[in-house]
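Colleague: There's a structure below that I have some questions on.
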Amino acid sequence: MDYADQLSRAVALFWKTRQYQSSRNRGSNPDEQDTNGRRVVIGGAQLDGFIDLVTTILEDAGLSSREIHVEKTTVPGYFRPTKDWDLVAVVEGTLLAIIEFKSQVGPSFGNNFNNRIEEALGSAKDLLTAYREGACKPSRKPWLGWVMLLEDVDKSRGSVRVSEPHFKVFEEYRGASYAKRYELFCERLVRERLDDAACLLLSDKSGGTDGGYSEPNAEVNFRNFAASLSAHARAFTNMRGA
């Protein structure tokens with residue numbers, strides 16, 4: 001099934017929610033406002049459209065709504081006791097799938113980029129190690145996915161210098177934009193088998209409110225993400241119905 005229309009609606013909801021939250025902030029007490037946009041971010045709901053879309057994909061694959069969790073999403077870790085994820089699917093005592101949704105909007109991309117990468121790597125390693133050590137028995141390996149929506153602006157697409165005081169970085173990172181760095185990260189996250197699928201979407205504020213977006217790498221686009229998740233869920237539900 002093609003989920004392109006639903007994906008566009010999720011992108012539009014993201015930008016419209018940000019605009020609404022930003023307008024509410026401007027109307028509040030100036031002393032309570034945070035000029036770096038933090039209050040906009042913590043307002044929540046911006047990525048709800050993506051959560052609803054992935055929920056639909058899982059339901060189309062045969063899961064019931066009670067098996068898809070967006071509130072009780074705490075799962076054991078190995079390097080920490082637990083982590084709360086964005087969406088967790090648990091079917092008949094089996095941890096079927098875990099998905100994390102992230103976004104990054106300017107004006108600052110540098111420090112936030114590093115934080116996003118470190119968080120995604122650490123969370124994947126933590127979960128997979130906990131699984132290996134039997135934290136989720138009798139589950140088979142859960143399907144793990146990561147979705148990133150990045151603002152499509154000059155600062156995210158422009159060339160970025162790297163610091164090389166002692167050793168040279170890998171050539172593909174030299175001068176690579178933040179958009180390119182995210183593309184490489186998503187690709188390697190999957191190729192290193194830390195995640196089963198990853199998705200990178202680029203969208204700007206003006207076109208985004210109409211659902212506009214682009215996908216710079218076909219290997220980590222939403223179609224592949226949805227197909228992989230759906231196949232994993234259907235394999236389980238088909239076995240359950242046999």
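By order in the structure tokens, chains are A, B, ...; within a chain, residues start at 1; ligands start at 1, following the order shown.
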Near A:Leu53, within 8 Å and counting only C-alpha atoms, which residues show up once chain neighbours fewer than 6 positions away are dropped, as a PyMOL selection string?
Modeller: chain A and resi 6-7+10
Colleague: Find the residues near A:Leu229: any atom within 9 Å, counting only C-alpha atoms, skip ones fewer than 3 places away on the same chain, and give them as a VMD selection string.
Modeller: chain A and resid 54 57 to 58 61 97 143 to 145 196 to 197 224 to 226 232 to 234
Colleague: As a list in words, please: the residues near A:Glu187 (cut-off 8 Å, only C-alpha atoms, same-chain neighbours under 6 positions excluded).
Modeller: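 My list of contacting residues is Ala198, Glu219 and Val220 of chain A.
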Colleague: I'd like the interatomic distance between atom CA of A:Ser108 and atom CA of A:Leu150, to a tenth of an Å.
Modeller: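 These two atoms are separated by 11.8 Å.
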Colleague: May I ask which of the residues A:Val105, A:Leu194, A:Leu63, A:Val147 is the closest one to A:Val91, counting only C-alpha atoms?
Modeller: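 Result for the nearest residue to A:Val91: A:Leu63.
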Colleague: Residues at most 9 Å from A:Tyr173, counting only C-alpha atoms, excluding those fewer than 5 positions away in the same chain, as a list in words?
Modeller: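 My list of contacting residues is Val160, Arg161, Val162, Lys180, Arg181 and Leu184 of chain A.
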Colleague: Atoms to include: C-alpha atoms. Write the selected residues as a short mmCIF file (atom, residue, chain, number, x, y, z; two decimals), in the first residue's frame.
Modeller:
data_model
loop_
_atom_site.label_atom_id
_atom_site.label_comp_id
_atom_site.auth_asym_id
_atom_site.auth_seq_id
_atom_site.Cartn_x
_atom_site.Cartn_y
_atom_site.Cartn_z
CA VAL A 160 30.22 22.50 6.79
CA ARG A 161 33.87 22.53 7.80
CA VAL A 162 35.26 19.77 9.97
CA LYS A 180 24.30 14.93 3.85
CA ARG A 181 25.55 13.90 7.29
CA LEU A 184 25.05 9.05 5.64
#
Colleague: Give the strand (DSSP E or B) residues of stretch 6-237 of chain A, as assigned by DSSP on the backbone, as a PyMOL selection string.
Modeller: chain A and resi 68-69+74-76+82-84+87-91+94-104+143-151+197-203+214
Colleague: Next, dump the selected residues to file, keeping only N, CA and C atoms, as a short mmCIF file (atom, residue, chain, number, x, y, z; two decimals), in the first residue's frame.
Modeller:
data_model
loop_
_atom_site.label_atom_id
_atom_site.label_comp_id
_atom_site.auth_asym_id
_atom_site.auth_seq_id
_atom_site.Cartn_x
_atom_site.Cartn_y
_atom_site.Cartn_z
N ILE A 68 -0.62 -1.67 19.89
CA ILE A 68 0.24 -0.57 19.47
C ILE A 68 0.21 0.49 20.55
N HIS A 69 1.34 0.78 21.15
CA HIS A 69 1.41 1.66 22.32
C HIS A 69 2.16 2.95 22.00
N THR A 74 7.64 2.14 27.73
CA THR A 74 8.88 1.87 28.46
C THR A 74 9.36 0.45 28.19
N VAL A 75 10.64 0.33 27.80
CA VAL A 75 11.25 -0.96 27.48
C VAL A 75 12.57 -1.07 28.25
N PRO A 76 12.90 -2.26 28.76
CA PRO A 76 14.17 -2.40 29.48
C PRO A 76 15.39 -2.06 28.62
N THR A 82 15.79 1.57 31.88
CA THR A 82 14.70 1.60 30.90
C THR A 82 14.87 2.78 29.95
N LYS A 83 14.11 2.75 28.86
CA LYS A 83 13.98 3.89 27.96
C LYS A 83 12.54 3.98 27.50
N ASP A 84 12.02 5.20 27.40
CA ASP A 84 10.71 5.44 26.82
C ASP A 84 10.86 5.76 25.34
N LEU A 87 6.96 4.82 19.93
CA LEU A 87 5.93 3.85 19.59
C LEU A 87 6.49 2.45 19.82
N VAL A 88 5.71 1.62 20.50
CA VAL A 88 6.11 0.24 20.78
C VAL A 88 4.95 -0.68 20.44
N ALA A 89 5.23 -1.74 19.71
CA ALA A 89 4.21 -2.74 19.38
C ALA A 89 4.54 -4.03 20.15
N VAL A 90 3.59 -4.48 20.96
CA VAL A 90 3.74 -5.71 21.73
C VAL A 90 2.57 -6.63 21.40
N VAL A 91 2.87 -7.80 20.87
CA VAL A 91 1.83 -8.72 20.43
C VAL A 91 2.00 -10.06 21.14
N THR A 94 5.16 -10.58 22.84
CA THR A 94 6.35 -10.42 21.99
C THR A 94 6.57 -8.95 21.65
N LEU A 95 7.77 -8.45 21.88
CA LEU A 95 8.13 -7.09 21.49
C LEU A 95 8.37 -7.09 19.98
N LEU A 96 7.37 -6.64 19.24
CA LEU A 96 7.40 -6.77 17.78
C LEU A 96 8.18 -5.65 17.11
N ALA A 97 7.96 -4.40 17.54
CA ALA A 97 8.59 -3.26 16.86
C ALA A 97 8.71 -2.07 17.80
N ILE A 98 9.76 -1.27 17.54
CA ILE A 98 10.01 -0.04 18.28
C ILE A 98 10.42 1.04 17.27
N ILE A 99 9.79 2.21 17.36
CA ILE A 99 10.10 3.28 16.41
C ILE A 99 10.32 4.58 17.17
N GLU A 100 11.32 5.33 16.73
CA GLU A 100 11.62 6.65 17.30
C GLU A 100 11.45 7.69 16.19
N PHE A 101 10.82 8.81 16.52
CA PHE A 101 10.58 9.91 15.57
C PHE A 101 11.32 11.15 16.06
N LYS A 102 12.09 11.77 15.17
CA LYS A 102 12.86 12.94 15.54
C LYS A 102 12.73 14.02 14.47
N SER A 103 13.01 15.26 14.88
CA SER A 103 13.03 16.37 13.93
C SER A 103 14.13 17.34 14.33
N GLN A 104 14.55 18.15 13.36
CA GLN A 104 15.50 19.22 13.66
C GLN A 104 15.21 20.40 12.76
N TRP A 143 11.82 -5.35 15.62
CA TRP A 143 12.10 -4.47 14.49
C TRP A 143 12.32 -3.07 15.05
N LEU A 144 13.40 -2.43 14.64
CA LEU A 144 13.76 -1.11 15.16
C LEU A 144 13.84 -0.10 14.02
N GLY A 145 13.15 1.02 14.17
CA GLY A 145 13.14 2.04 13.12
C GLY A 145 13.36 3.45 13.65
N TRP A 146 13.88 4.32 12.77
CA TRP A 146 14.21 5.70 13.14
C TRP A 146 13.79 6.63 12.01
N VAL A 147 13.02 7.66 12.33
CA VAL A 147 12.52 8.62 11.34
C VAL A 147 13.01 10.02 11.71
N MET A 148 13.59 10.72 10.74
CA MET A 148 14.09 12.08 10.96
C MET A 148 13.49 13.03 9.93
N LEU A 149 12.90 14.12 10.42
CA LEU A 149 12.46 15.21 9.56
C LEU A 149 13.39 16.39 9.79
N LEU A 150 14.09 16.82 8.74
CA LEU A 150 15.07 17.90 8.84
C LEU A 150 14.59 19.10 8.04
N GLU A 151 14.71 20.29 8.64
CA GLU A 151 14.32 21.49 7.91
C GLU A 151 15.24 21.69 6.71
N ALA A 197 15.30 -0.22 9.65
CA ALA A 197 15.00 0.77 8.62
C ALA A 197 15.13 2.15 9.22
N ALA A 198 15.50 3.10 8.36
CA ALA A 198 15.57 4.50 8.77
C ALA A 198 15.00 5.34 7.64
N CYS A 199 14.54 6.54 7.98
CA CYS A 199 13.93 7.39 6.97
C CYS A 199 14.36 8.84 7.21
N LEU A 200 14.83 9.49 6.14
CA LEU A 200 15.21 10.90 6.21
C LEU A 200 14.32 11.70 5.27
N LEU A 201 13.63 12.69 5.84
CA LEU A 201 12.78 13.59 5.07
C LEU A 201 13.30 15.01 5.21
N LEU A 202 13.32 15.76 4.11
CA LEU A 202 13.68 17.17 4.14
C LEU A 202 12.43 17.98 3.78
N SER A 203 12.21 19.07 4.52
CA SER A 203 11.02 19.88 4.26
C SER A 203 11.26 21.30 4.73
N SER A 214 11.05 16.25 0.54
CA SER A 214 11.90 15.53 -0.40
C SER A 214 12.63 14.43 0.34
#
Colleague: Report, in Å with one decimal, the straight-line distance from atom CA of A:Asp152 to atom CA of A:Glu118.
Modeller: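 About the pair atom CA of A:Asp152 and atom CA of A:Glu118: they are 21.7 Å apart.
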Colleague: Write out as an MDAnalysis selection string all residues of stretch 33-133 of chain A that backbone DSSP assigns to helix (DSSP H, G or I).
Modeller: chainID A and resid 38:41 48:60 65:67 110:132
Colleague: Taking 2 positions as the minimum chain separation for residues in the same chain, which residues sit within 9 Å of A:Pro138 when counting only C-alpha atoms? Answer as an mmCIF file with C-alpha atoms, in the first residue's frame.
Modeller:
data_model
loop_
_atom_site.group_PDB
_atom_site.id
_atom_site.type_symbol
_atom_site.label_atom_id
_atom_site.label_comp_id
_atom_site.auth_asym_id
_atom_site.auth_seq_id
_atom_site.Cartn_x
_atom_site.Cartn_y
_atom_site.Cartn_z
ATOM 1 C CA GLY A 93 3.979 -10.951 24.915
ATOM 2 C CA THR A 94 6.349 -10.422 21.994
ATOM 3 C CA LEU A 95 8.132 -7.092 21.487
ATOM 4 C CA GLY A 134 17.225 -11.847 27.377
ATOM 5 C CA ALA A 135 15.418 -8.756 28.654
ATOM 6 C CA CYS A 136 12.453 -9.246 26.328
ATOM 7 C CA ARG A 140 12.480 -12.635 18.740
#
Colleague: Kindly give the distance, in Å, that separates atom CA of A:Pro81 and atom CA of A:Phe113, rounded to a single decimal.
Modeller: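 Going from atom CA of A:Pro81 over to atom CA of A:Phe113, I get 25.5 Å.
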